[in-house]
>>> print(open('my_file-v2.cif').read())   # mmCIF, C-alpha atoms (C1' of nucleotides)
data_run
#
loop_
_atom_site.label_atom_id
_atom_site.label_comp_id
_atom_site.auth_asym_id
_atom_site.auth_seq_id
_atom_site.Cartn_x
_atom_site.Cartn_y
_atom_site.Cartn_z
CA MET Q 1 0.00 0.00 0.00
CA ALA Q 2 2.43 2.66 1.19
CA THR Q 3 5.72 1.63 -0.35
CA PRO Q 4 8.93 3.31 0.78
CA GLN Q 5 9.02 4.92 -2.62
CA ASP Q 6 5.60 6.42 -2.00
CA ARG Q 7 6.78 7.79 1.32
CA GLN Q 8 9.73 9.35 -0.33
CA LEU Q 9 7.61 10.93 -3.03
CA VAL Q 10 5.27 12.39 -0.46
CA GLU Q 11 8.21 13.72 1.52
CA GLN Q 12 9.65 15.33 -1.57
CA TRP Q 13 6.30 16.88 -2.37
CA ARG Q 14 5.87 18.27 1.13
CA SER Q 15 9.30 19.74 0.94
CA ILE Q 16 8.45 21.51 -2.31
CA GLN Q 17 5.22 22.81 -0.84
CA THR Q 18 6.95 24.07 2.25
CA THR Q 19 9.66 25.84 0.30
CA TYR Q 20 7.12 27.32 -2.04
CA PHE Q 21 4.81 28.65 0.65
CA ARG Q 22 7.56 29.88 2.91
CA THR Q 23 9.32 31.73 0.11
CA ALA Q 24 6.22 33.09 -1.58
CA GLY Q 25 4.83 34.19 1.77
CA ALA Q 26 8.00 35.95 2.82
CA ILE Q 27 8.29 37.82 -0.47
CA ASP Q 28 4.64 38.68 -0.54
CA ARG Q 29 4.62 40.12 2.95
CA ALA Q 30 7.79 42.10 2.38
CA LEU Q 31 6.64 43.61 -0.91
CA GLU Q 32 3.21 44.28 0.47
CA SER Q 33 4.47 46.14 3.50
CA ARG Q 34 7.24 48.07 1.80
CA PHE Q 35 5.82 48.76 -1.64
CA SER Q 36 2.13 47.96 -1.40
CA ILE Q 37 2.24 45.36 -4.14
CA GLY Q 38 1.87 41.60 -3.92
CA LEU Q 39 4.10 38.88 -5.28
CA THR Q 40 1.88 38.39 -8.31
CA GLU Q 41 2.08 42.05 -9.22
CA PHE Q 42 5.81 42.01 -8.82
CA GLU Q 43 6.18 39.01 -11.08
CA ILE Q 44 4.39 40.77 -13.90
CA LEU Q 45 6.49 43.87 -13.39
CA ASP Q 46 9.55 41.67 -13.41
CA LEU Q 47 8.58 39.95 -16.63
CA VAL Q 48 7.78 43.21 -18.36
CA ALA Q 49 10.99 44.78 -17.13
CA ASP Q 50 12.81 41.77 -18.45
CA SER Q 51 11.49 41.91 -22.01
CA ALA Q 52 13.37 44.55 -23.91
CA ASP Q 53 11.81 43.67 -27.24
CA SER Q 54 8.58 45.17 -28.42
CA ALA Q 55 6.39 42.20 -29.15
CA CYS Q 56 2.72 42.01 -28.17
CA ARG Q 57 3.39 41.20 -24.59
CA MET Q 58 0.20 40.20 -22.84
CA LYS Q 59 -0.01 36.94 -24.72
CA GLN Q 60 3.66 36.15 -24.47
CA LEU Q 61 3.81 36.94 -20.80
CA GLY Q 62 1.14 34.34 -20.34
CA GLU Q 63 3.54 31.77 -21.68
CA ARG Q 64 6.14 32.62 -19.08
CA THR Q 65 4.06 32.26 -15.97
CA PRO Q 66 1.72 29.63 -14.56
CA MET Q 67 -0.95 32.31 -14.25
CA THR Q 68 -4.24 32.11 -16.09
CA GLN Q 69 -5.00 34.58 -18.85
CA SER Q 70 -7.83 35.84 -16.73
CA ALA Q 71 -5.61 36.28 -13.69
CA MET Q 72 -3.07 38.17 -15.78
CA SER Q 73 -5.72 40.52 -17.00
CA LYS Q 74 -6.73 41.37 -13.46
CA VAL Q 75 -3.22 41.78 -12.19
CA VAL Q 76 -2.51 44.16 -15.04
CA ASP Q 77 -5.67 46.03 -14.08
CA ARG Q 78 -4.33 46.53 -10.60
CA LEU Q 79 -0.90 47.55 -11.83
CA GLU Q 80 -2.46 50.03 -14.19
CA LYS Q 81 -4.66 51.51 -11.47
CA ALA Q 82 -1.56 51.82 -9.31
CA GLY Q 83 0.10 53.73 -12.12
CA LEU Q 84 2.95 51.26 -12.49
CA ILE Q 85 2.24 49.97 -15.96
CA CYS Q 86 0.28 50.97 -19.02
CA ARG Q 87 -1.40 49.11 -21.82
CA HIS Q 88 -0.85 50.14 -25.43
CA SER Q 89 -3.02 48.60 -28.06
CA CYS Q 90 -1.00 46.93 -30.76
CA GLU Q 91 -1.26 48.49 -34.20
CA ASP Q 92 -0.64 45.29 -36.11
CA ASP Q 93 -3.26 43.30 -34.29
CA ARG Q 94 -5.75 45.28 -32.34
CA ARG Q 95 -6.73 42.30 -30.23
CA SER Q 96 -3.30 42.32 -28.65
CA LEU Q 97 -1.79 44.61 -26.06
CA PHE Q 98 1.65 45.88 -25.34
CA LEU Q 99 2.56 46.41 -21.76
CA GLU Q 100 5.03 49.03 -20.67
CA LEU Q 101 6.34 50.13 -17.32
CA THR Q 102 5.69 53.71 -16.32
CA ASP Q 103 8.53 55.64 -14.73
CA ALA Q 104 7.02 54.96 -11.34
CA GLY Q 105 6.76 51.30 -12.27
CA ARG Q 106 10.36 51.12 -13.33
CA ALA Q 107 11.51 52.83 -10.17
CA LEU Q 108 9.47 50.60 -7.93
CA HIS Q 109 10.58 47.50 -9.77
CA GLY Q 110 14.19 48.43 -9.25
CA LYS Q 111 13.80 48.66 -5.51
CA ALA Q 112 11.47 45.71 -5.17
CA ALA Q 113 13.75 43.48 -7.22
CA VAL Q 114 16.56 43.92 -4.71
CA GLU Q 115 14.24 42.81 -1.95
CA HIS Q 116 12.94 39.95 -4.08
CA ARG Q 117 16.38 38.60 -4.89
CA ALA Q 118 17.49 38.89 -1.29
CA LEU Q 119 14.53 36.91 -0.05
CA LEU Q 120 15.00 34.25 -2.72
CA LYS Q 121 18.58 33.88 -1.65
CA GLU Q 122 17.55 33.60 1.95
CA ASN Q 123 14.86 31.02 1.32
CA LEU Q 124 16.23 28.85 -1.44
CA ALA Q 125 19.61 28.27 0.13
CA MET Y 1 22.12 45.18 -10.94
CA ALA Y 2 21.21 41.74 -12.24
CA THR Y 3 24.15 39.57 -11.33
CA PRO Y 4 24.46 36.09 -12.81
CA GLN Y 5 23.73 34.79 -9.36
CA ASP Y 6 20.48 36.73 -9.30
CA ARG Y 7 19.53 35.24 -12.65
CA GLN Y 8 20.20 31.81 -11.37
CA LEU Y 9 18.14 32.37 -8.24
CA VAL Y 10 15.24 33.63 -10.30
CA GLU Y 11 15.51 30.64 -12.60
CA GLN Y 12 15.51 28.29 -9.67
CA TRP Y 13 12.49 30.02 -8.22
CA ARG Y 14 10.56 29.84 -11.50
CA SER Y 15 11.36 26.20 -11.73
CA ILE Y 16 9.94 25.58 -8.27
CA GLN Y 17 6.84 27.56 -9.10
CA THR Y 18 6.32 25.67 -12.33
CA THR Y 19 6.73 22.30 -10.68
CA TYR Y 20 4.46 23.30 -7.86
CA PHE Y 21 1.66 24.60 -10.05
CA ARG Y 22 1.88 21.82 -12.59
CA THR Y 23 1.81 19.10 -9.95
CA ALA Y 24 -0.79 20.68 -7.70
CA GLY Y 25 -2.97 21.44 -10.69
CA ALA Y 26 -2.78 17.91 -12.06
CA ILE Y 27 -3.60 16.33 -8.71
CA ASP Y 28 -6.35 18.78 -7.98
CA ARG Y 29 -8.09 18.22 -11.31
CA ALA Y 30 -7.79 14.45 -11.07
CA LEU Y 31 -9.13 14.24 -7.52
CA GLU Y 32 -11.85 16.73 -8.29
CA SER Y 33 -13.12 14.86 -11.30
CA ARG Y 34 -12.84 11.36 -9.90
CA PHE Y 35 -13.64 11.84 -6.23
CA SER Y 36 -15.13 15.32 -5.96
CA ILE Y 37 -12.54 16.55 -3.50
CA GLY Y 38 -9.75 19.06 -3.99
CA LEU Y 39 -6.08 18.73 -3.23
CA THR Y 40 -6.48 20.59 0.05
CA GLU Y 41 -9.18 18.22 1.23
CA PHE Y 42 -7.07 15.26 0.27
CA GLU Y 43 -4.09 16.54 2.18
CA ILE Y 44 -6.08 16.75 5.37
CA LEU Y 45 -7.47 13.26 4.83
CA ASP Y 46 -3.95 12.08 4.18
CA LEU Y 47 -2.59 13.62 7.35
CA VAL Y 48 -5.41 12.23 9.46
CA ALA Y 49 -5.05 8.81 7.89
CA ASP Y 50 -1.37 9.00 8.65
CA SER Y 51 -1.67 9.70 12.36
CA ALA Y 52 -2.45 6.51 14.17
CA ASP Y 53 -2.12 8.03 17.62
CA SER Y 54 -4.96 9.69 19.40
CA ALA Y 55 -3.68 13.13 20.21
CA CYS Y 56 -5.75 16.28 19.81
CA ARG Y 57 -5.32 16.47 16.09
CA MET Y 58 -6.59 19.78 14.76
CA LYS Y 59 -3.75 21.72 16.33
CA GLN Y 60 -1.07 19.21 15.47
CA LEU Y 61 -2.22 18.92 11.89
CA GLY Y 62 -1.70 22.63 11.64
CA GLU Y 63 1.95 22.10 12.37
CA ARG Y 64 2.32 19.69 9.49
CA THR Y 65 0.94 21.81 6.72
CA PRO Y 66 1.50 25.34 5.48
CA MET Y 67 -2.22 25.96 5.81
CA THR Y 68 -3.64 28.60 8.12
CA GLN Y 69 -5.64 27.59 11.16
CA SER Y 70 -8.58 29.31 9.61
CA ALA Y 71 -8.16 27.48 6.32
CA MET Y 72 -7.92 24.16 8.14
CA SER Y 73 -11.13 24.85 9.98
CA LYS Y 74 -12.95 25.45 6.71
CA VAL Y 75 -11.49 22.43 4.95
CA VAL Y 76 -12.57 20.27 7.85
CA ASP Y 77 -16.02 21.82 7.56
CA ARG Y 78 -16.23 20.68 3.96
CA LEU Y 79 -14.89 17.23 4.74
CA GLU Y 80 -17.40 16.86 7.53
CA LYS Y 81 -20.28 17.98 5.32
CA ALA Y 82 -19.11 15.45 2.74
CA GLY Y 83 -19.25 12.77 5.43
CA LEU Y 84 -15.58 11.89 5.14
CA ILE Y 85 -14.39 12.97 8.54
CA CYS Y 86 -15.81 13.73 11.96
CA ARG Y 87 -14.82 15.97 14.80
CA HIS Y 88 -14.73 14.69 18.36
CA SER Y 89 -14.30 17.12 21.15
CA CYS Y 90 -11.36 16.28 23.35
CA GLU Y 91 -12.22 15.33 26.91
CA ASP Y 92 -8.97 16.53 28.41
CA ASP Y 93 -9.14 19.93 26.84
CA ARG Y 94 -12.46 20.98 25.51
CA ARG Y 95 -10.97 23.66 23.34
CA SER Y 96 -9.29 21.02 21.21
CA LEU Y 97 -10.73 18.65 18.63
CA PHE Y 98 -9.93 15.16 17.51
CA LEU Y 99 -10.41 14.37 13.88
CA GLU Y 100 -11.27 10.91 12.67
CA LEU Y 101 -11.97 9.46 9.26
CA THR Y 102 -15.37 7.95 8.70
CA ASP Y 103 -15.57 4.65 6.86
CA ALA Y 104 -16.42 6.53 3.69
CA GLY Y 105 -13.48 8.80 4.33
CA ARG Y 106 -11.11 5.92 4.80
CA ALA Y 107 -12.34 4.22 1.65
CA LEU Y 108 -12.06 7.36 -0.43
CA HIS Y 109 -8.64 8.14 0.94
CA GLY Y 110 -7.42 4.70 -0.06
CA LYS Y 111 -8.42 5.16 -3.66
CA ALA Y 112 -7.43 8.79 -3.89
CA ALA Y 113 -4.00 8.10 -2.41
CA VAL Y 114 -3.17 5.76 -5.27
CA GLU Y 115 -4.03 8.50 -7.74
CA HIS Y 116 -2.11 11.06 -5.69
CA ARG Y 117 1.06 9.00 -5.54
CA ALA Y 118 0.88 8.21 -9.22
CA LEU Y 119 0.61 11.86 -10.15
CA LEU Y 120 3.44 12.82 -7.82
CA LYS Y 121 5.62 10.22 -9.47
CA GLU Y 122 4.67 11.50 -12.89
CA ASN Y 123 5.32 15.13 -12.05
CA LEU Y 124 8.30 15.08 -9.72
CA ALA Y 125 10.44 12.83 -11.86
"C1'" DT V 1 -15.74 38.06 -50.43
"C1'" DC V 2 -18.38 36.58 -46.72
"C1'" DA V 3 -19.70 33.29 -43.04
"C1'" DA V 4 -17.64 30.44 -39.63
"C1'" DA V 5 -13.85 29.44 -36.76
"C1'" DT V 6 -10.24 31.22 -34.09
"C1'" DT V 7 -7.64 34.39 -31.25
"C1'" DA V 8 -6.70 38.16 -27.66
"C1'" DC V 9 -8.34 40.07 -23.84
"C1'" DA V 10 -12.10 41.45 -20.35
"C1'" DT V 11 -15.63 40.38 -17.13
"C1'" DG V 12 -19.00 38.22 -13.77
"C1'" DA V 13 -20.13 34.50 -10.78
"C1'" DC V 14 -18.17 31.77 -7.65
"C1'" DG V 15 -14.86 29.07 -4.45
"C1'" DT V 16 -11.36 29.24 -1.32
"C1'" DG V 17 -7.70 31.45 1.22
"C1'" DT V 18 -6.15 35.23 4.66
"C1'" DC V 19 -6.65 38.45 8.36
"C1'" DA V 20 -8.90 40.10 12.25
"C1'" DT V 21 -11.92 39.06 15.58
"C1'" DT V 22 -14.86 36.34 18.66
"C1'" DG V 23 -16.09 32.83 22.07
"C1'" DA V 24 -15.03 29.46 25.01
"C1'" DA V 25 -11.77 26.81 27.87
"C1'" DT V 26 -7.60 26.70 30.27
"C1'" DG V 27 -3.39 28.35 32.69
"C1'" DA V 28 -0.71 31.48 35.73
"C1'" DC V 29 -0.18 33.61 39.78
"C1'" DA V 30 -0.97 37.23 43.40
"C1'" DT P 1 -9.68 31.75 44.35
"C1'" DG P 2 -10.46 35.47 41.28
"C1'" DT P 3 -8.52 38.04 37.61
"C1'" DC P 4 -5.84 38.41 33.53
"C1'" DA P 5 -3.46 36.32 29.80
"C1'" DT P 6 -3.21 32.63 26.70
"C1'" DT P 7 -4.75 29.00 23.64
"C1'" DC P 8 -7.93 26.44 20.33
"C1'" DA P 9 -11.17 26.70 17.06
"C1'" DA P 10 -14.96 29.18 14.31
"C1'" DT P 11 -16.60 33.02 11.70
"C1'" DG P 12 -17.28 37.29 8.77
"C1'" DA P 13 -15.31 40.58 5.69
"C1'" DC P 14 -12.51 40.78 2.07
"C1'" DA P 15 -8.89 39.70 -1.74
"C1'" DC P 16 -7.66 37.03 -5.41
"C1'" DG P 17 -7.77 33.14 -8.55
"C1'" DT P 18 -10.47 30.04 -11.80
"C1'" DC P 19 -13.98 28.85 -15.02
"C1'" DA P 20 -17.23 30.07 -18.32
"C1'" DT P 21 -18.52 33.38 -21.16
"C1'" DG P 22 -18.62 37.84 -23.80
"C1'" DT P 23 -16.70 41.11 -27.23
"C1'" DA P 24 -14.05 42.58 -30.77
"C1'" DA P 25 -10.49 41.64 -34.23
"C1'" DT P 26 -8.49 38.46 -37.35
"C1'" DT P 27 -7.98 34.30 -40.16
"C1'" DT P 28 -9.69 30.61 -43.01
"C1'" DG P 29 -11.51 28.67 -46.97
"C1'" DA P 30 -15.66 27.66 -49.99
#
>>> encode(input="my_file-v2.cif", output="structure tokens")
Amino acid sequence: MATPQDRQLVEQWRSIQTTYFRTAGAIDRALESRFSIGLTEFEILDLVADSADSACRMKQLGERTPMTQSAMSKVVDRLEKAGLICRHSCEDDRRSLFLELTDAGRALHGKAAVEHRALLKENLA
Amino acid sequence: MATPQDRQLVEQWRSIQTTYFRTAGAIDRALESRFSIGLTEFEILDLVADSADSACRMKQLGERTPMTQSAMSKVVDRLEKAGLICRHSCEDDRRSLFLELTDAGRALHGKAAVEHRALLKENLA
DNA sequence: TCAAATTACATGACGTGTCATTGAATGACA
DNA sequence: TGTCATTCAATGACACGTCATGTAATTTGA
């Protein structure tokens, strides 16, 4: 029934869960308290900041995160309301959207990224 | 700014996230469709099934999962409504609760665990 | 070229998680 | 022993994610 291999799998899984929750929680709380954004928001900022090219982002970002399309849309809403990002409709295909950091967004991302990296280092050691 | 070490940390973190979401998602969907319970519910069943001793469980279970006390309480609600688990108040300390699987709960856990282990194996390879 | 299928994104209903708080039982100790 | 602090669990308000669906733009192909 419960083979040693099963036990080991379950242990491995619990370890992943623990690491994930501990790390995500720590980052989320830190970003929330210092910059008033959550981990999810930061991850979108981070992805946008990371893409220097000018492709139609929204769609492509979706391919680089486990988030749902619907979740993405709402996160971008929040980021836009917070004045950290803006949507530009894409001339070539008006269904698509470009995302771009505002100056405020870029500034905040810079500071938040330091915090983010530090907490990753601390938690993934 | 973005040192190679930072890059590597971020890569490692994305990898953990991907594994976590892929695995959790697969298990959740499978359990949901075949047994009408979610991953969270299963994990509580699994913990209860795993503890043979008769300590005041609720509290101790909390120490073995990243879940909040409040989340636990609600999951147990659902499990109880589904007839898979029951709460017994603890004689020694009437603030505490024992949890116990019902027969239905034990039966379901047996089948679901097989599925769970199989999906872990598939996803954590 | 036009109707049907597809694609990109937004939105509303809904489930579940968190935080803050409550209620009840217990513990500490003057 | 009576008061105050602590602990366990439940609950309500709220935030956020998912699913199903809607809307508009684009593509396909007869």
>>> interface_residues(input="my_file-v2.cif", of="chain Y", to="chain V", cutoff="12 Å", atoms="only C-alpha atoms (C1' of nucleotides)", output="ChimeraX atom specification")
/Y:38-41,66-75,78,90-96
>>> resolve_selection(input="my_file-v2.cif", expression="the PyMOL selection byres ((chain Y and resi 27) around 10)", output="PDB file with C-alpha atoms, in the frame of the given file")
ATOM      1  CA  PHE Y  21       1.660  24.600 -10.050  1.00  0.00           C
ATOM      2  CA  ARG Y  22       1.880  21.820 -12.590  1.00  0.00           C
ATOM      3  CA  THR Y  23       1.810  19.100  -9.950  1.00  0.00           C
ATOM      4  CA  ALA Y  24      -0.790  20.680  -7.700  1.00  0.00           C
ATOM      5  CA  GLY Y  25      -2.970  21.440 -10.690  1.00  0.00           C
ATOM      6  CA  ALA Y  26      -2.780  17.910 -12.060  1.00  0.00           C
ATOM      7  CA  ASP Y  28      -6.350  18.780  -7.980  1.00  0.00           C
ATOM      8  CA  ARG Y  29      -8.090  18.220 -11.310  1.00  0.00           C
ATOM      9  CA  ALA Y  30      -7.790  14.450 -11.070  1.00  0.00           C
ATOM     10  CA  LEU Y  31      -9.130  14.240  -7.520  1.00  0.00           C
ATOM     11  CA  GLU Y  32     -11.850  16.730  -8.290  1.00  0.00           C
ATOM     12  CA  SER Y  33     -13.120  14.860 -11.300  1.00  0.00           C
ATOM     13  CA  GLY Y  38      -9.750  19.060  -3.990  1.00  0.00           C
ATOM     14  CA  LEU Y  39      -6.080  18.730  -3.230  1.00  0.00           C
ATOM     15  CA  PHE Y  42      -7.070  15.260   0.270  1.00  0.00           C
ATOM     16  CA  ALA Y 112      -7.430   8.790  -3.890  1.00  0.00           C
ATOM     17  CA  GLU Y 115      -4.030   8.500  -7.740  1.00  0.00           C
ATOM     18  CA  HIS Y 116      -2.110  11.060  -5.690  1.00  0.00           C
ATOM     19  CA  ARG Y 117       1.060   9.000  -5.540  1.00  0.00           C
ATOM     20  CA  ALA Y 118       0.880   8.210  -9.220  1.00  0.00           C
ATOM     21  CA  LEU Y 119       0.610  11.860 -10.150  1.00  0.00           C
ATOM     22  CA  LEU Y 120       3.440  12.820  -7.820  1.00  0.00           C
ATOM     23  CA  ASN Y 123       5.320  15.130 -12.050  1.00  0.00           C
TER      24      ASN Y 123
END
>>> interface_residues(input="my_file-v2.cif", of="chain P", to="chain Q", cutoff="9 Å", atoms="all atoms listed in the file", output="ChimeraX atom specification")
/P:16-18,24-26
>>> closest_atom_pairs(input="my_file-v2.cif", of="chain Y", to="chain Q", cutoff="8 Å", atoms="all atoms listed in the file", output="tab-separated table")
residue	atom	partner	partner_atom	distance
Y:Asp6	CA	Q:Arg117	CA	6.3
Y:Leu9	CA	Q:Leu120	CA	6.6
Y:Val10	CA	Q:Arg117	CA	7.4
Y:Trp13	CA	Q:Leu120	CA	7.4
Y:Ile16	CA	Q:Tyr20	CA	7.1
Y:Gln17	CA	Q:Tyr20	CA	7.1
Y:Thr18	CA	Q:Pro66	CA	6.5
Y:Tyr20	CA	Q:Ile16	CA	7.1
Y:Phe21	CA	Q:Pro66	CA	6.8
Y:Thr65	CA	Q:Thr18	CA	7.8
Y:Pro66	CA	Q:Thr18	CA	6.5
Y:Arg117	CA	Q:Asp6	CA	6.3
Y:Leu120	CA	Q:Leu9	CA	6.6
Y:Lys121	CA	Q:Leu9	CA	6.8
Y:Leu124	CA	Q:Trp13	CA	7.8
>>> residues_around(input="my_file-v2.cif", residues="Y:Leu99", least_positions_apart="2", cutoff="6 Å", atoms="all atoms listed in the file", output="number ranges by chain")
Y: 57, 86-87
>>> atom_distance(input="my_file-v2.cif", atom1="atom CA of Q:Ser51", atom2="atom CA of Q:Lys111")
18.0 Å
>>> closest_residue(input="my_file-v2.cif", among="Q:Pro4, Q:Leu45, Q:Leu61, Q:Asp77", to="Q:Ala107", atoms="only C-alpha atoms")
Q:Leu45
>>> atom_distance(input="my_file-v2.cif", atom1="atom C1' of P:DT7", atom2="atom CA of Y:Ala49")
25.6 Å
>>> atom_distance(input="my_file-v2.cif", atom1="atom CA of Y:Asp46", atom2="atom CA of Y:Arg106")
9.5 Å
>>> closest_residue(input="my_file-v2.cif", among="Q:Glu122, Q:Gln8, Q:Arg34, Q:Leu101", to="Q:Val76", atoms="only C-alpha atoms")
Q:Leu101
